[in-house]
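A.B. asks: Sending over structure08.csv (CSV, C-alpha atoms).
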chain,number,residue,atom,x,y,z
U,1,MET,CA,106.7,104.6,161.9
U,2,PHE,CA,103.7,106.7,163.0
U,3,SER,CA,102.5,107.2,159.4
U,4,MET,CA,102.7,103.4,158.8
U,5,SER,CA,100.7,102.5,161.9
U,6,PRO,CA,97.4,101.9,160.1
U,7,LEU,CA,99.1,99.4,157.8
U,8,LEU,CA,100.9,97.7,160.7
U,9,PHE,CA,97.7,97.4,162.7
U,10,ARG,CA,95.9,95.9,159.7
U,11,GLU,CA,98.6,93.3,159.4
U,12,ARG,CA,98.4,92.6,163.2
U,13,LEU,CA,101.9,93.8,163.9
U,14,PHE,CA,101.0,95.9,166.9
U,15,VAL,CA,103.6,94.4,169.3
U,16,PRO,CA,106.6,94.9,167.0
U,17,TYR,CA,105.3,98.4,166.3
U,18,ALA,CA,105.0,99.2,170.0
U,19,VAL,CA,108.4,97.7,170.9
U,20,THR,CA,110.1,99.6,168.1
U,21,THR,CA,108.5,102.9,169.0
U,22,VAL,CA,109.4,102.5,172.7
U,23,LEU,CA,113.0,101.7,171.8
U,24,PHE,CA,113.2,104.6,169.4
U,25,LEU,CA,111.8,107.0,172.0
U,26,MET,CA,114.1,105.7,174.8
U,27,HIS,CA,117.2,106.0,172.5
U,28,ASN,CA,116.3,109.6,171.6
U,29,ILE,CA,115.6,110.6,175.2
U,30,LEU,CA,118.8,109.0,176.5
U,31,CYS,CA,121.1,110.2,173.7
U,32,PHE,CA,119.6,113.5,172.7
U,33,GLY,CA,117.5,114.4,175.8
U,34,LYS,CA,118.4,118.1,176.0
U,35,GLU,CA,119.0,118.7,172.3
U,36,LEU,CA,115.5,117.5,171.4
U,37,LYS,CA,113.8,120.3,173.3
U,38,VAL,CA,115.7,123.1,171.5
U,39,LEU,CA,115.2,124.4,168.0
U,40,PRO,CA,117.8,126.5,166.3
U,41,LEU,CA,116.3,129.5,164.5
U,42,PRO,CA,118.5,131.7,162.3
U,43,TRP,CA,117.7,135.4,162.7
U,44,LYS,CA,118.6,138.6,161.0
U,45,ASP,CA,118.4,142.1,162.4
U,46,SER,CA,117.9,144.4,159.4
U,47,ARG,CA,118.5,147.6,161.4
U,48,LYS,CA,121.9,146.6,162.7
U,49,GLY,CA,122.8,144.3,159.9
U,50,THR,CA,123.6,141.4,162.4
U,51,ARG,CA,122.8,137.7,162.1
U,52,GLY,CA,122.9,134.8,164.4
U,53,ILE,CA,121.3,131.6,165.5
U,54,ARG,CA,118.9,131.7,168.4
U,55,MET,CA,117.9,128.6,170.4
U,56,VAL,CA,114.2,128.4,171.0
U,57,ASP,CA,112.5,126.1,173.4
U,58,ALA,CA,110.3,123.8,171.3
U,59,SER,CA,109.3,121.3,174.0
U,60,MET,CA,105.7,122.4,174.1
U,61,PHE,CA,105.4,121.8,170.3
U,62,LEU,CA,107.0,118.4,170.7
U,63,TYR,CA,104.7,117.4,173.6
U,64,ALA,CA,101.6,118.6,171.8
U,65,ALA,CA,102.6,116.8,168.6
U,66,GLY,CA,103.4,113.6,170.5
U,67,GLY,CA,100.2,113.8,172.5
U,68,ILE,CA,98.0,114.3,169.4
U,69,ALA,CA,99.8,111.3,167.8
U,70,LEU,CA,99.2,109.2,170.9
U,71,LEU,CA,95.5,110.1,171.0
U,72,LEU,CA,95.1,109.2,167.4
U,73,GLN,CA,96.8,105.9,167.9
U,74,LEU,CA,94.7,105.0,170.9
U,75,ALA,CA,91.5,106.2,169.2
U,76,SER,CA,92.3,104.0,166.2
U,77,LEU,CA,92.7,101.0,168.5
U,78,PHE,CA,89.8,101.4,170.8
U,79,VAL,CA,87.2,103.6,169.1
U,80,THR,CA,85.3,102.1,166.2
U,81,PRO,CA,84.7,104.5,163.3
U,82,PRO,CA,81.2,105.3,162.0
U,83,SER,CA,80.0,102.9,159.3
U,84,ARG,CA,79.9,105.8,156.9
U,85,TYR,CA,83.6,106.3,157.3
U,86,PRO,CA,85.3,102.9,157.8
U,87,ASP,CA,88.8,104.4,157.0
U,88,LEU,CA,88.4,107.4,159.3
U,89,TRP,CA,91.4,106.7,161.6
U,90,PRO,CA,93.9,105.8,158.8
U,91,VAL,CA,93.0,108.9,157.0
U,92,LEU,CA,93.3,111.1,160.1
U,93,ILE,CA,96.7,109.5,161.0
U,94,SER,CA,98.0,109.9,157.4
U,95,ALA,CA,96.8,113.6,157.2
U,96,TYR,CA,98.4,114.4,160.6
U,97,ALA,CA,101.6,112.7,159.7
U,98,SER,CA,101.8,114.5,156.4
U,99,CYS,CA,101.2,117.8,158.1
U,100,LEU,CA,104.1,117.1,160.5
U,101,LEU,CA,106.4,116.0,157.6
U,102,CYS,CA,105.5,119.2,155.7
U,103,LEU,CA,106.3,121.4,158.7
U,104,ALA,CA,109.6,119.6,159.1
U,105,TRP,CA,110.4,120.0,155.4
U,106,LEU,CA,109.5,123.7,155.4
U,107,TYR,CA,111.6,124.3,158.5
U,108,GLY,CA,114.6,122.4,157.0
U,109,ASN,CA,114.4,124.4,153.7
U,110,TRP,CA,114.0,127.7,155.5
U,111,TYR,CA,116.9,126.9,157.8
U,112,GLN,CA,119.2,125.9,154.9
U,113,LEU,CA,118.3,129.1,153.0
U,114,MET,CA,119.1,131.2,156.0
U,115,LEU,CA,122.5,129.5,156.3
U,116,VAL,CA,123.2,130.0,152.6
U,117,GLU,CA,122.8,133.7,153.2
U,118,GLU,CA,125.1,133.6,156.1
U,119,THR,CA,127.8,131.7,154.2
U,120,ASP,CA,127.5,134.2,151.3
U,121,VAL,CA,128.1,137.1,153.7
U,122,VAL,CA,131.1,135.3,155.2
U,123,THR,CA,132.6,134.5,151.8
U,124,LYS,CA,132.2,138.1,150.7
U,125,LEU,CA,133.8,139.4,153.8
U,126,LYS,CA,136.8,137.1,153.5
U,127,ALA,CA,137.2,138.1,149.8
U,128,ASN,CA,137.5,141.7,150.8
Taking this structure as input, can you express it in the form of structure tokens?
C.D. replies:
Amino acid sequence: MFSMSPLLFRERLFVPYAVTTVLFLMHNILCFGKELKVLPLPWKDSRKGTRGIRMVDASMFLYAAGGIALLLQLASLFVTPPSRYPDLWPVLISAYASCLLCLAWLYGNWYQLMLVEETDVVTKLKAN
């Protein structure tokens, strides 16, 4: 929804956007409150040949990402862009949202590749 906010604001759909965003945040906090703050990171110790999944506290990253998104939203609503750059806020919001989506995509691919290595090792061990 965040990346679509410039379009929704242009169409005067601020109230549905705000209500949907608040409901989404409340649902995630109530249902996944503790799980949202932890990020599973696969690791491999090359010296010992051991592998595992370590849970890393990602709450500061989530708070920072949400805070920056909130600041961009508020700035797009209350701060008028310079006349030279009339589409400043939509471009900044789109660039920030695409950076977050790219980070999530990279993490997801890296995580899946690490799990494939683990399942290959387990399969080879079971075959022996």
A.B. asks: As a list of chain:residue names, please: the residues near range 59-63 of chain U (cut-off 10 Å, only C-alpha atoms, same-chain neighbours under 4 positions excluded).
C.D. replies: U:Lys34, U:Leu36, U:Lys37, U:Val38, U:Leu39, U:Gly67, U:Ile68, U:Ala69
A.B. asks: Could you check the closest approach to Cys99 in chain U for each of U:Met1, U:Asp57, U:Ala65, U:Pro81 and tell me which residue wins, using only C-alpha atoms?
C.D. replies: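 Among the listed residues, U:Ala65 lies closest to Cys99 in chain U.
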A.B. asks: May I have the residues within 9 Å of range 6-17 of chain U as number ranges by chain, using all atoms listed in the file and disregarding those fewer than 2 positions away in the same chain?
C.D. replies: U: 1-4, 19-22, 73, 76-77, 89-91, 93-94
A.B. asks: Distance CA of Leu113 in chain U-CA of Arg54 in chain U, one decimal place?
C.D. replies: 15.6 Å
A.B. asks: Pick out the closest residue to Tyr111 in chain U from this set: U:Leu41, U:Val79, U:Ala64, U:Ala95. Count only C-alpha atoms.
C.D. replies: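 With only C-alpha atoms as the atom set, the closest residue is U:Leu41.
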A.B. asks: Record the distance separating CA of Leu71 in chain U and CA of Tyr96 in chain U, expressed in Å with one decimal.
C.D. replies: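 Distance reported for this atom pair: 11.6 Å.
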A.B. asks: Would you mind reading off the distance between CA of Leu23 in chain U and CA of Asn109 in chain U, one decimal, in Å?
C.D. replies: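 Interatomic distance here is 29.1 Å.
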A.B. asks: Pick out the closest residue to Leu88 in chain U from this set: U:Ala104, U:Val56, U:Ala75, U:Gly66. Count only C-alpha atoms.
C.D. replies: U:Ala75
A.B. asks: Padding of 5 Å on every side, edges along x, y and z, all listed atoms of range 7-26 of chain U included: what centre and edge lengths in Å, to one decimal, does that box have, as JSON?
C.D. replies:
{"center_x": 105.0, "center_y": 99.8, "center_z": 166.3, "size_x": 28.2, "size_y": 24.4, "size_z": 27.0}
